[in-house]
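**Q** This is my_file-v3.cif, which holds mmCIF, C-alpha atoms:
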data_model
loop_
_atom_site.label_atom_id
_atom_site.label_comp_id
_atom_site.auth_asym_id
_atom_site.auth_seq_id
_atom_site.Cartn_x
_atom_site.Cartn_y
_atom_site.Cartn_z
CA MET J 1 127.53 104.15 81.06
CA SER J 2 127.94 107.29 83.10
CA ARG J 3 130.33 110.15 83.39
CA ASN J 4 130.70 113.30 85.48
CA PHE J 5 127.32 114.94 85.81
CA ARG J 6 126.78 118.64 85.27
CA LYS J 7 123.06 119.22 85.46
CA VAL J 8 120.40 118.40 88.02
CA LEU J 9 116.66 118.18 87.47
CA LEU J 10 114.54 118.32 90.59
CA SER J 11 111.12 116.72 90.19
CA LEU J 12 108.34 118.35 92.16
CA ALA J 13 105.18 116.32 92.60
CA THR J 14 102.01 118.31 92.12
CA PRO J 15 99.63 117.76 95.02
CA LEU J 16 96.14 116.47 94.43
CA ALA J 17 93.80 119.44 94.52
CA LEU J 18 90.20 118.66 95.20
CA THR J 19 87.10 120.82 95.25
CA ALA J 20 83.43 120.42 96.12
CA ALA J 21 81.19 118.55 93.68
CA LEU J 22 77.53 118.70 92.72
CA ALA J 23 74.54 116.34 92.69
CA ILE J 24 74.64 112.60 92.10
CA ALA J 25 74.15 111.40 88.51
CA ASN J 26 74.08 107.84 87.17
CA PRO J 27 75.66 106.28 90.29
CA ALA J 28 77.27 102.85 90.44
CA SER J 29 75.99 102.57 94.01
CA ALA J 30 74.68 104.87 96.68
CA ASP J 31 78.05 104.84 98.41
CA GLN J 32 80.26 105.13 95.36
CA ALA J 33 78.94 107.46 92.65
CA VAL J 34 81.09 109.10 89.99
CA ARG J 35 80.28 111.68 87.36
CA LEU J 36 82.34 112.87 84.40
CA GLN J 37 82.39 116.27 82.76
CA TYR J 38 83.89 116.92 79.33
CA ARG J 39 84.87 119.78 77.09
CA THR J 40 87.27 120.13 74.16
CA SER J 41 89.82 122.75 73.27
CA ALA J 42 89.94 121.49 69.65
CA PRO J 43 86.28 121.61 68.54
CA GLY J 44 86.77 121.26 64.78
CA ALA J 45 85.21 118.32 62.94
CA SER J 46 88.66 117.59 61.49
CA THR J 47 91.82 118.11 63.53
CA ALA J 48 95.51 117.29 63.77
CA GLN J 49 95.10 116.66 67.48
CA ALA J 50 92.04 115.79 69.57
CA GLU J 51 91.98 117.52 72.94
CA PRO J 52 89.45 116.05 75.38
CA TRP J 53 89.51 117.82 78.75
CA LEU J 54 87.90 115.92 81.61
CA GLN J 55 86.86 116.38 85.23
CA LEU J 56 85.94 113.39 87.39
CA PHE J 57 83.65 113.93 90.39
CA ASN J 58 82.99 111.72 93.41
CA ASP J 59 79.35 112.30 94.31
CA GLY J 60 79.29 109.36 96.70
CA THR J 61 80.10 108.87 100.35
CA THR J 62 83.28 106.76 100.15
CA THR J 63 86.80 107.59 98.97
CA ILE J 64 87.72 106.16 95.55
CA PRO J 65 91.35 105.10 94.93
CA LEU J 66 92.15 106.51 91.51
CA ASN J 67 94.16 103.43 90.53
CA GLN J 68 90.80 101.61 90.45
CA VAL J 69 89.39 104.04 87.88
CA LYS J 70 89.39 103.56 84.09
CA ILE J 71 87.94 106.14 81.69
CA ARG J 72 87.09 105.09 78.12
CA TYR J 73 86.90 107.57 75.24
CA TYR J 74 85.51 105.82 72.13
CA LEU J 75 86.82 106.39 68.59
CA THR J 76 85.90 105.30 65.09
CA GLY J 77 88.67 103.84 62.91
CA THR J 78 91.76 101.70 63.34
CA GLU J 79 94.53 104.30 62.89
CA SER J 80 97.49 104.29 65.28
CA TYR J 81 97.36 107.12 67.80
CA ARG J 82 99.64 108.54 70.48
CA PHE J 83 98.35 109.75 73.85
CA ALA J 84 99.64 112.68 75.92
CA CYS J 85 98.66 114.51 79.08
CA SER J 86 99.26 118.25 78.59
CA TRP J 87 98.44 119.29 82.15
CA ALA J 88 96.55 117.94 85.14
CA VAL J 89 95.85 119.33 88.57
CA ILE J 90 96.63 115.89 90.01
CA SER J 91 99.90 115.80 87.95
CA CYS J 92 100.33 114.19 84.55
CA SER J 93 102.87 111.84 86.13
CA THR J 94 99.92 109.90 87.59
CA VAL J 95 97.89 109.74 84.35
CA THR J 96 98.24 106.89 81.85
CA GLY J 97 96.63 106.26 78.48
CA HIS J 98 96.65 103.56 75.83
CA PHE J 99 94.47 102.55 72.88
CA VAL J 100 92.53 99.29 72.80
CA PRO J 101 91.18 97.91 69.49
CA GLN J 102 87.55 96.80 69.21
CA SER J 103 85.65 94.94 66.55
CA ALA J 104 84.06 96.58 63.50
CA GLY J 105 86.84 99.10 62.96
CA ALA J 106 86.67 100.89 66.31
CA GLN J 107 88.86 101.44 69.35
CA TYR J 108 88.91 103.33 72.60
CA LEU J 109 91.42 105.37 74.56
CA GLU J 110 91.60 104.00 78.10
CA ILE J 111 92.79 106.53 80.68
CA GLY J 112 94.00 105.36 84.06
CA PHE J 113 95.82 106.59 87.14
CA THR J 114 98.83 105.27 89.06
CA ALA J 115 98.19 107.13 92.34
CA GLY J 116 95.86 109.43 94.23
CA GLN J 117 92.45 109.28 95.86
CA LEU J 118 89.16 111.01 95.19
CA ALA J 119 87.42 111.89 98.44
CA PRO J 120 83.62 112.21 98.75
CA GLY J 121 82.43 115.51 97.34
CA ALA J 122 85.72 116.07 95.50
CA THR J 123 86.88 116.37 91.90
CA THR J 124 90.11 115.81 90.05
CA ARG J 125 89.61 119.19 88.38
CA ASP J 126 91.23 119.61 84.95
CA LEU J 127 92.67 116.63 83.10
CA GLN J 128 93.88 118.30 79.90
CA LEU J 129 94.47 115.36 77.56
CA ARG J 130 95.23 115.03 73.88
CA PHE J 131 95.90 112.41 71.25
CA TYR J 132 97.09 112.47 67.66
CA ARG J 133 97.81 110.10 64.81
CA ALA J 134 101.22 108.46 64.92
CA ASP J 135 101.92 109.81 61.42
CA TRP J 136 100.68 113.29 62.42
CA GLN J 137 98.04 113.31 59.66
CA SER J 138 94.78 115.17 60.32
CA PHE J 139 91.75 113.03 61.09
CA THR J 140 88.00 113.34 61.44
CA GLN J 141 86.84 113.34 65.05
CA SER J 142 83.21 114.37 64.57
CA ASP J 143 82.22 110.71 63.98
CA ASP J 144 83.86 109.48 67.18
CA PRO J 145 81.14 108.30 69.62
CA SER J 146 82.70 110.14 72.58
CA TYR J 147 83.35 113.42 70.78
CA GLY J 148 81.46 116.61 71.52
CA ALA J 149 82.07 120.11 70.16
CA GLN J 150 81.33 121.99 73.40
CA THR J 151 84.11 124.18 74.81
CA SER J 152 82.60 124.49 78.30
CA TYR J 153 82.41 121.65 80.81
CA THR J 154 79.18 119.67 80.88
CA ASP J 155 78.18 116.24 82.22
CA TRP J 156 78.99 113.80 79.42
CA ASP J 157 77.74 110.21 79.37
CA LYS J 158 79.29 109.41 75.98
CA ILE J 159 82.52 108.67 77.86
CA ALA J 160 82.39 105.63 80.16
CA VAL J 161 83.94 105.38 83.62
CA TYR J 162 84.69 102.07 85.33
CA VAL J 163 85.52 101.75 89.04
CA ASN J 164 87.12 98.50 90.15
CA GLY J 165 85.95 96.87 86.93
CA GLU J 166 82.31 97.94 87.22
CA LEU J 167 80.61 100.47 84.94
CA ALA J 168 80.03 103.56 87.11
CA TRP J 169 79.16 106.25 84.56
CA GLY J 170 78.30 106.66 80.91
CA ASP J 171 77.25 104.59 77.97
CA PRO J 172 79.91 102.20 76.60
CA SER J 173 80.16 102.20 72.83
CA GLY J 174 81.11 99.29 70.59
CA SER J 175 82.31 95.92 71.85
CA GLY J 176 85.18 94.81 73.96
CA PRO J 177 85.91 93.22 77.33
CA ASP J 178 85.27 95.07 80.54
CA PRO J 179 88.45 96.34 82.15
CA ASP J 180 90.18 94.01 84.59
CA PRO J 181 89.60 95.26 88.14
CA ASP J 182 93.33 94.74 88.66
CA PRO J 183 94.74 97.15 86.05
CA THR J 184 96.88 95.01 83.78
CA ASP J 185 97.02 97.34 80.77
CA PRO J 186 96.70 94.65 78.06
CA PRO J 187 99.56 94.68 75.55
CA GLY J 188 99.23 96.95 72.56
CA PRO J 189 100.15 96.26 68.95
CA GLY J 190 103.78 97.39 69.14
CA GLY J 191 105.17 94.12 70.44
CA VAL J 192 106.78 93.04 73.70
CA LEU J 193 110.08 91.64 74.92
CA PHE J 194 110.12 89.43 78.00
CA ASP J 195 112.94 87.25 79.28
CA ASP J 196 112.98 85.24 82.50
CA PHE J 197 116.69 84.39 82.05
CA THR J 198 116.31 80.61 82.21
CA TYR J 199 119.67 79.82 80.61
CA THR J 200 122.34 77.27 81.53
CA ASN J 201 125.40 79.53 81.21
CA SER J 202 126.86 82.36 79.12
CA THR J 203 127.57 79.96 76.22
CA ASP J 204 123.96 78.75 76.02
CA PRO J 205 123.12 79.00 72.27
CA ARG J 206 119.63 80.26 73.11
CA LEU J 207 121.11 83.59 74.23
CA ALA J 208 122.20 84.43 70.70
CA GLN J 209 119.08 82.87 69.20
CA ARG J 210 116.95 85.14 71.38
CA GLY J 211 118.87 88.29 70.53
CA TRP J 212 121.38 88.65 73.40
CA THR J 213 125.09 89.41 73.25
CA VAL J 214 127.44 88.52 76.11
CA ARG J 215 130.26 91.03 75.89
CA GLY J 216 133.83 89.85 75.53
CA SER J 217 135.34 92.81 73.69
CA SER J 218 137.64 95.36 75.34
CA GLY J 219 137.01 99.07 75.82
CA GLY J 220 135.03 101.42 78.00
CA PRO J 221 133.41 102.26 80.23
CA GLY J 222 135.46 101.76 83.37
CA VAL J 223 139.05 100.88 84.14
CA PRO J 224 141.22 101.05 80.98
CA GLY J 225 142.73 97.67 80.18
CA ALA J 226 140.12 95.70 82.11
CA THR J 227 138.61 92.49 80.70
CA TRP J 228 134.94 92.04 79.82
CA SER J 229 134.44 88.38 80.67
CA PRO J 230 131.55 86.22 79.40
CA SER J 231 132.49 83.50 81.91
CA ALA J 232 131.72 85.88 84.79
CA ILE J 233 128.06 85.88 83.72
CA THR J 234 125.95 83.00 85.04
CA PHE J 235 122.24 82.14 85.43
CA PRO J 236 121.75 80.31 88.74
CA GLY J 237 118.08 79.67 89.45
CA GLY J 238 117.02 81.68 86.41
CA LEU J 239 118.74 84.87 87.58
CA LEU J 240 121.05 86.82 85.29
CA THR J 241 124.13 87.15 87.53
CA LEU J 242 126.97 89.59 86.85
CA ASP J 243 130.09 88.94 88.96
CA SER J 244 132.66 91.68 88.44
CA SER J 245 135.97 91.53 90.27
CA THR J 246 139.32 93.27 90.70
CA ASN J 247 142.62 92.65 92.44
CA GLY J 248 143.59 96.31 92.25
CA THR J 249 145.28 96.09 88.84
CA ALA J 250 143.91 96.78 85.38
CA SER J 251 144.90 93.35 84.10
CA GLY J 252 143.24 91.74 87.10
CA THR J 253 139.95 93.62 86.70
CA VAL J 254 136.90 91.90 85.20
CA HIS J 255 133.79 93.75 84.02
CA THR J 256 130.51 92.12 82.88
CA GLU J 257 127.80 93.07 80.37
CA LEU J 258 124.74 91.55 78.70
CA SER J 259 123.17 93.49 75.82
CA THR J 260 120.46 93.02 73.22
CA ALA J 261 122.01 92.36 69.83
CA ASN J 262 119.44 94.40 67.92
CA ARG J 263 119.11 98.14 68.43
CA LYS J 264 115.34 98.16 68.05
CA PHE J 265 113.98 99.66 71.27
CA PHE J 266 112.68 103.22 71.32
CA GLU J 267 109.44 104.57 72.74
CA GLY J 268 107.40 102.56 75.18
CA THR J 269 107.87 101.05 78.64
CA TYR J 270 110.94 99.28 79.98
CA GLY J 271 111.09 97.24 83.17
CA ALA J 272 113.46 94.97 85.07
CA ARG J 273 113.69 93.45 88.52
CA VAL J 274 117.26 94.11 89.64
CA ARG J 275 119.20 93.21 92.78
CA PHE J 276 121.83 95.76 93.77
CA SER J 277 124.46 94.93 96.39
CA ASP J 278 126.40 97.15 98.77
CA ALA J 279 129.10 94.67 99.81
CA PRO J 280 131.24 92.29 97.76
CA THR J 281 130.54 88.57 97.82
CA SER J 282 134.22 88.08 98.65
CA GLY J 283 137.22 90.24 99.49
CA PRO J 284 137.49 93.69 101.08
CA ASP J 285 134.86 96.35 100.39
CA GLY J 286 135.37 99.89 99.08
CA GLU J 287 135.56 99.72 95.28
CA HIS J 288 133.82 102.34 93.15
CA VAL J 289 131.59 99.90 91.27
CA VAL J 290 128.63 100.78 89.02
CA GLN J 291 125.57 98.47 88.79
CA THR J 292 123.21 99.28 85.92
CA PHE J 293 120.09 98.83 83.82
CA PHE J 294 119.99 101.16 80.80
CA THR J 295 119.32 101.77 77.11
CA ILE J 296 121.84 103.32 74.73
CA THR J 297 122.51 104.46 71.16
CA PRO J 298 126.12 104.40 69.85
CA LEU J 299 128.08 107.66 69.67
CA ARG J 300 129.29 107.92 66.06
CA PHE J 301 131.32 111.07 66.65
CA ASN J 302 131.82 113.69 69.34
CA LEU J 303 128.56 115.45 70.28
CA ASP J 304 126.59 113.20 67.94
CA PRO J 305 123.02 114.64 68.06
CA ASP J 306 121.50 111.18 67.50
CA TYR J 307 123.19 109.71 70.56
CA GLY J 308 120.93 108.75 73.45
CA GLU J 309 121.18 106.98 76.78
CA LEU J 310 118.71 106.37 79.62
CA ASP J 311 120.27 105.04 82.83
CA PHE J 312 119.56 103.47 86.16
CA GLU J 313 122.99 103.39 87.88
CA TYR J 314 123.70 102.41 91.47
CA LEU J 315 127.06 103.23 93.09
CA PRO J 316 127.19 101.32 96.42
CA ASN J 317 130.48 102.94 97.47
CA GLY J 318 130.14 106.25 95.70
CA GLY J 319 132.41 107.53 92.98
CA TRP J 320 132.50 110.53 90.64
CA GLY J 321 133.06 112.67 93.72
CA GLU J 322 130.30 111.05 95.79
CA PRO J 323 131.47 109.64 99.15
CA SER J 324 128.90 106.85 99.63
CA ASN J 325 125.99 104.96 98.08
CA ILE J 326 123.89 106.82 95.54
CA LEU J 327 121.35 105.91 92.85
CA TYR J 328 121.34 107.95 89.63
CA THR J 329 118.78 108.15 86.86
CA THR J 330 120.37 109.95 83.92
CA SER J 331 119.11 111.00 80.49
CA TRP J 332 121.67 111.90 77.85
CA GLU J 333 121.52 114.16 74.82
CA THR J 334 125.17 113.63 73.79
CA TYR J 335 128.80 113.92 74.92
CA GLN J 336 132.39 114.09 73.75
CA GLY J 337 135.36 112.29 75.23
CA GLU J 338 138.30 114.66 74.79
CA PRO J 339 138.05 117.27 76.08
CA TRP J 340 135.25 115.95 78.25
CA GLN J 341 131.86 117.56 77.63
CA ALA J 342 128.60 116.03 78.85
CA VAL J 343 125.11 117.06 77.84
CA ASN J 344 122.80 115.24 80.25
CA THR J 345 120.41 115.66 83.14
CA HIS J 346 120.09 113.45 86.17
CA THR J 347 118.18 112.87 89.38
CA GLU J 348 119.85 111.18 92.33
CA GLU J 349 119.06 109.82 95.78
CA ARG J 350 121.77 109.29 98.38
CA ALA J 351 120.73 106.14 100.19
CA SER J 352 121.33 102.41 100.17
CA PHE J 353 119.41 100.55 97.49
CA ALA J 354 120.82 97.13 98.35
CA GLY J 355 118.34 94.37 97.57
CA TRP J 356 115.71 93.70 94.92
CA HIS J 357 114.01 96.61 93.14
CA ASP J 358 111.46 96.92 90.34
CA LEU J 359 112.82 99.49 87.88
CA VAL J 360 110.55 100.95 85.20
CA MET J 361 111.13 103.58 82.50
CA GLN J 362 108.32 105.12 80.46
CA VAL J 363 109.53 106.80 77.25
CA ALA J 364 106.62 108.60 75.60
CA ASN J 365 105.27 111.98 74.59
CA GLY J 366 108.59 113.77 75.02
CA ARG J 367 109.11 112.61 78.63
CA ILE J 368 111.27 109.94 80.26
CA LYS J 369 109.80 108.82 83.57
CA TYR J 370 111.83 106.64 85.91
CA TYR J 371 110.12 104.58 88.62
CA VAL J 372 111.68 102.65 91.51
CA ASP J 373 109.35 100.15 93.20
CA GLY J 374 106.32 101.97 91.80
CA ARG J 375 107.50 105.39 93.01
CA LEU J 376 108.13 108.14 90.47
CA PHE J 377 111.85 108.78 90.92
CA ALA J 378 112.55 111.19 88.04
CA ASP J 379 110.86 112.91 85.10
CA HIS J 380 113.13 114.19 82.31
CA GLY J 381 112.41 115.64 78.88
CA GLY J 382 113.36 118.39 76.46
CA ILE J 383 116.62 117.86 74.59
CA TYR J 384 117.32 114.71 76.63
CA TYR J 385 114.47 112.78 75.02
CA PRO J 386 115.94 110.07 72.72
CA GLU J 387 115.79 110.43 68.93
CA THR J 388 116.80 106.95 67.75
CA PRO J 389 116.34 103.25 68.64
CA GLN J 390 118.56 101.86 71.40
CA TRP J 391 119.96 98.66 72.85
CA ILE J 392 118.89 97.35 76.27
CA MET J 393 121.86 96.59 78.54
CA PHE J 394 122.90 95.42 81.99
CA ASN J 395 126.49 95.84 83.08
CA GLN J 396 128.68 96.09 86.18
CA TRP J 397 132.03 97.82 86.06
CA PHE J 398 134.61 99.71 88.12
CA ILE J 399 135.11 103.46 87.78
CA ASP J 400 138.69 103.31 89.07
CA LEU J 401 140.90 101.18 91.32
CA GLN J 402 141.31 101.55 95.07
CA ALA J 403 144.30 100.71 97.23
CA ALA J 404 142.87 97.54 98.82
CA THR J 405 144.70 94.22 98.58
CA GLY J 406 143.23 90.89 97.53
CA THR J 407 140.59 90.08 94.95
CA ARG J 408 137.08 91.38 95.63
CA THR J 409 133.96 90.40 93.70
CA TYR J 410 130.71 92.35 93.43
CA ARG J 411 127.43 90.81 92.29
CA GLN J 412 124.42 92.28 90.46
CA GLN J 413 121.44 90.10 89.56
CA VAL J 414 118.41 90.46 87.28
CA ASP J 415 115.24 88.39 87.65
CA TRP J 416 113.47 89.48 84.43
CA VAL J 417 113.40 92.18 81.77
CA TYR J 418 110.36 93.55 79.92
CA HIS J 419 109.65 96.06 77.16
CA ALA J 420 106.30 97.14 75.65
CA LYS J 421 106.88 99.00 72.39
CA ASN J 422 104.98 102.28 71.84
CA GLU J 423 102.92 101.77 74.98
CA VAL J 424 102.82 103.47 78.38
CA VAL J 425 102.35 100.83 81.07
CA SER J 426 102.12 101.65 84.76
CA PRO J 427 104.64 100.01 87.12
CA ALA J 428 101.78 97.98 88.60
CA GLY J 429 100.72 97.02 85.08
CA VAL J 430 104.23 95.78 84.28
CA LEU J 431 104.26 93.54 87.36
CA SER J 432 100.81 92.21 86.49
CA ARG J 433 101.97 91.32 82.99
CA ILE J 434 105.07 89.56 84.34
CA ASN J 435 102.90 87.52 86.70
CA ASP J 436 100.59 86.58 83.80
CA LEU J 437 103.51 85.53 81.58
CA ARG J 438 104.98 83.38 84.33
CA ALA J 439 101.58 81.86 85.11
CA GLU J 440 101.38 80.85 81.44
CA GLY J 441 104.78 79.18 81.73
CA THR J 442 106.35 81.69 79.32
CA ALA J 443 110.11 82.05 79.81
CA PHE J 444 110.79 84.20 76.74
CA ARG J 445 108.83 86.25 74.24
CA ASP J 446 109.99 88.78 71.65
CA THR J 447 107.46 90.25 69.25
CA VAL J 448 109.22 93.62 68.88
CA PRO J 449 109.98 93.94 65.16
CA ASN J 450 113.57 94.30 64.04
CA PRO J 451 114.48 97.62 62.37
#
Write out the structure in this file as C-alpha cells.
**A**
Amino acid sequence: MSRNFRKVLLSLATPLALTAALAIANPASADQAVRLQYRTSAPGASTAQAEPWLQLFNDGTTTIPLNQVKIRYYLTGTESYRFACSWAVISCSTVTGHFVPQSAGAQYLEIGFTAGQLAPGATTRDLQLRFYRADWQSFTQSDDPSYGAQTSYTDWDKIAVYVNGELAWGDPSGSGPDPDPDPTDPPGPGGVLFDDFTYTNSTDPRLAQRGWTVRGSSGGPGVPGATWSPSAITFPGGLLTLDSSTNGTASGTVHTELSTANRKFFEGTYGARVRFSDAPTSGPDGEHVVQTFFTITPLRFNLDPDYGELDFEYLPNGGWGEPSNILYTTSWETYQGEPWQAVNTHTEERASFAGWHDLVMQVANGRIKYYVDGRLFADHGGIYYPETPQWIMFNQWFIDLQAATGTRTYRQQVDWVYHAKNEVVSPAGVLSRINDLRAEGTAFRDTVPNP
C-alpha cells in the first residue's frame, strides 16, 4: 500500500578498492592462492559484541570471483547470534553472514559475498565485521577457536577460507560439511515459508489450511467503493494470478489481494518471483494500477510508532504524479490519513519492468535491502526499519479512475514466495533453495513459528 512520497534515499555503491598484496602463504594452488589477515577491535576475553576485522588477499595469478569465496570463523557454544557488517571497503551490501551449527556444541559464522572480484596481487582491505548474542547478553569469546586478541592485522590460519568449495587457507575447526561450491546458504534454525501456489482456485481449502487469506472485505487502498474479489484470483499452472479490472466506475472496479493470515514475519529474507505487466489483458490501456509484493503491520492509530511496511510496487502507467512506468521500493515508519502525513523513504527507477522478476528483501541488522534480479536496488534503514512482525501480501489495485470506456483488466502473477526467518540469504542463495525445494517435489513448507 503506497501513498504520496516525500523522501528519497539515493543508494551509492562503494567501488571495490584493491591494493597490492604480499607473499604466497598456504596456497590452494599455484594459480589461485588466498591469504587471510585478522585483527579484533574488541579484544576482551568476555564481550557484548565480537568484532573480527578481516582482510583477504589474492596471492595467486588468476582473478577470484568473490561469490565463490566462503570464510569460516569458528565458535564454541550453541547460543543464537546475529551478524552485522559495520563497514567494508568493498561495501557491506555485498557481504553476507550466517551461523551454521556443528556437532559437540560448536558452530561457525560463514561469511560470503554476493558480488565483486579479487584480482591477482589485490586485497579486499578492511572487512569490519561483528556479531552478538540475539539476547544481547555478554559472552566469552576467548575459548572460540578462531579468536585472537591481537589488535593489529596478522596472517591468521585459525579462520578457514574456501574457494569454489575447496579449502584454500586455514585450519578448519570442529566438524561439518564442506561448503557447497554453488552458494546455497543452508537454512538456519528460524524456519522457512515456501509456497509454489499449486492450488485449484481461490476457494481451495488448502489456502486457509496453509495460512493464506483471500481478501473479500471492502476498504483501502485504492478506489473508494471498489470490490476486493476472491473470484478474480486464480492459480493456472501453479501461478498465483491477480486479475484486477475496472469499467471506469467505483462499483465496477475490482481489486485483488492474497495475504498471510498470521502476522509472524519479521527479520530475515523475503523473496518472490513476480510477473509485472504494462498492458491490460483486455480493454483499453491507461489506468493507474499498482502491482505489489510487500510486508505490512496494521496501523492502530494515526502515526502509530509500531506501524511498518516494506514495499515493492510497480506502476505500469504511472500515478501519484508520475507520468509513466516506475518501480518503487518503499520503507515506512508510519503515517496518518487525515490530514495526510507520510513518514517513509523510497528508491525508484523509471523504466518498464514488464515480465518476470526475482524480488528479494533482506531485513537484518537495522537495514532493509531490496534486490531486483540479483541487483541491489535500494538500501534503507534508520527510523524506517520495522519494529514488529508483519504480514506478507500481494495485491493489485487502482489508484484512481481514468476517462476510458469499456472494461479493462490488468494481470499480475506470482510463481513462488519464500521467507527465511532471522537469516540473511543472498538472492542467488534464495534461487538455489527454490530449485532444491522443487527438485524434492515440495510444493509448500511452513516452519516459521506462529507468534
**Q** Set the distance at 10 Å and use only C-alpha atoms: which residues neighbour stretch 376-387 of chain J once local chain neighbours fewer than 5 positions away are removed? I'd like the list as a VMD selection string.
**A** chain J and resid 9 to 13 93 to 94 114 266 to 267 295 to 297 305 to 310 328 to 334 343 to 349 359 to 371 427
**Q** Please write the residues picked by the PyMOL selection byres ((chain J and resi 231-242) around 7) on this file as a ChimeraX atom specification.
**A** /J:196-202,229-230,243-244,256,396,411-415
**Q** Produce a file of the selected residues containing C-alpha atoms, as a short mmCIF file (atom, residue, chain, number, x, y, z; two decimals), keeping the file's coordinate frame.
**A**
data_model
loop_
_atom_site.label_atom_id
_atom_site.label_comp_id
_atom_site.auth_asym_id
_atom_site.auth_seq_id
_atom_site.Cartn_x
_atom_site.Cartn_y
_atom_site.Cartn_z
CA ASP J 196 112.98 85.24 82.50
CA PHE J 197 116.69 84.39 82.05
CA THR J 198 116.31 80.61 82.21
CA TYR J 199 119.67 79.82 80.61
CA THR J 200 122.34 77.27 81.53
CA ASN J 201 125.40 79.53 81.21
CA SER J 202 126.86 82.36 79.12
CA SER J 229 134.44 88.38 80.67
CA PRO J 230 131.55 86.22 79.40
CA ASP J 243 130.09 88.94 88.96
CA SER J 244 132.66 91.68 88.44
CA THR J 256 130.51 92.12 82.88
CA GLN J 396 128.68 96.09 86.18
CA ARG J 411 127.43 90.81 92.29
CA GLN J 412 124.42 92.28 90.46
CA GLN J 413 121.44 90.10 89.56
CA VAL J 414 118.41 90.46 87.28
CA ASP J 415 115.24 88.39 87.65
#
**Q** Using only C-alpha atoms, which of the listed residues (J:Glu287, J:Asp126, J:Asp157, J:Asp278) sits closest to J:Asp400?
**A**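 With only C-alpha atoms as the atom set, the closest residue is J:Glu287.
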**Q** From the options J:Val448, J:Val424, J:Val417, J:Ile71, which residue's atoms come nearest to J:Val192, counting only C-alpha atoms?
**A**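 Looking only at the distances to J:Val192, the closest residue turns out to be J:Val448.
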**Q** (85.4, 109.2, 75.8) in this file's frame - what residues fall within 8 Å of it? Use only C-alpha atoms and give the answer as a list in words.
**A**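 Checked against the point, the hits come out as Pro52, Ile71, Arg72, Tyr73, Tyr74, Leu75, Tyr108, Leu109, Pro145, Ser146, Tyr147, Lys158, Ile159 and Ala160 of chain J.
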**Q** Evaluate the PyMOL selection byres ((chain J and resi 89) around 7) and record the selected residues as a PyMOL selection string, following the chain and residue labels used in the document.
**A** chain J and resi 16-17+87-88+90-91+124-127
**Q** If I take atom CA of J:Tyr418 and atom CA of J:Gly220, how far is one from the other in Å, to one decimal?
**A**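 For atom CA of J:Tyr418 relative to atom CA of J:Gly220, the distance reads 26.0 Å.
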**Q** So, with all atoms listed in the file as the atoms that count, which of J:Ala428, J:Asp311, J:Ser282, J:Leu437 lies closest to J:Arg408?
**A** J:Ser282
**Q** Name the closest residue to J:Arg39 among the candidates J:Pro65, J:Glu79, J:Phe99, J:Ser152; distances are taken between atoms, counting all atoms listed in the file.
**A**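 Of J:Pro65, J:Glu79, J:Phe99, J:Ser152, the one nearest J:Arg39, counting all atoms listed in the file, is J:Ser152.
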**Q** Which residues come within 12 Å of J:Gly337, counting all atoms listed in the file, excluding same-chain residues fewer than 3 positions away, as a PDB file with C-alpha atoms, keeping the file's coordinate frame?
**A**
ATOM      1  CA  SER J   2     127.940 107.290  83.100  1.00  0.00           C
ATOM      2  CA  ARG J   3     130.330 110.150  83.390  1.00  0.00           C
ATOM      3  CA  ASN J   4     130.700 113.300  85.480  1.00  0.00           C
ATOM      4  CA  GLY J 220     135.030 101.420  78.000  1.00  0.00           C
ATOM      5  CA  PRO J 221     133.410 102.260  80.230  1.00  0.00           C
ATOM      6  CA  LEU J 299     128.080 107.660  69.670  1.00  0.00           C
ATOM      7  CA  ARG J 300     129.290 107.920  66.060  1.00  0.00           C
ATOM      8  CA  PHE J 301     131.320 111.070  66.650  1.00  0.00           C
ATOM      9  CA  ASN J 302     131.820 113.690  69.340  1.00  0.00           C
ATOM     10  CA  LEU J 303     128.560 115.450  70.280  1.00  0.00           C
ATOM     11  CA  ASP J 304     126.590 113.200  67.940  1.00  0.00           C
ATOM     12  CA  THR J 334     125.170 113.630  73.790  1.00  0.00           C
ATOM     13  CA  TRP J 340     135.250 115.950  78.250  1.00  0.00           C
ATOM     14  CA  GLN J 341     131.860 117.560  77.630  1.00  0.00           C
ATOM     15  CA  ALA J 342     128.600 116.030  78.850  1.00  0.00           C
ATOM     16  CA  VAL J 343     125.110 117.060  77.840  1.00  0.00           C
TER      17      VAL J 343
END
**Q** Translate the PyMOL selection byres ((chain J and resi 445) around 6) into a concrete residue list for this structure, as an MDAnalysis selection string.
**A** chainID J and resid 193:194 444 446
**Q** Compare J:Lys264, J:Arg273, J:His255, J:His288 by their minimum atom-to-atom distance to J:Thr447, counting all atoms listed in the file, and give me the closest one.
**A**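 Among J:Lys264, J:Arg273, J:His255, J:His288, it is J:Lys264 that comes nearest to J:Thr447.
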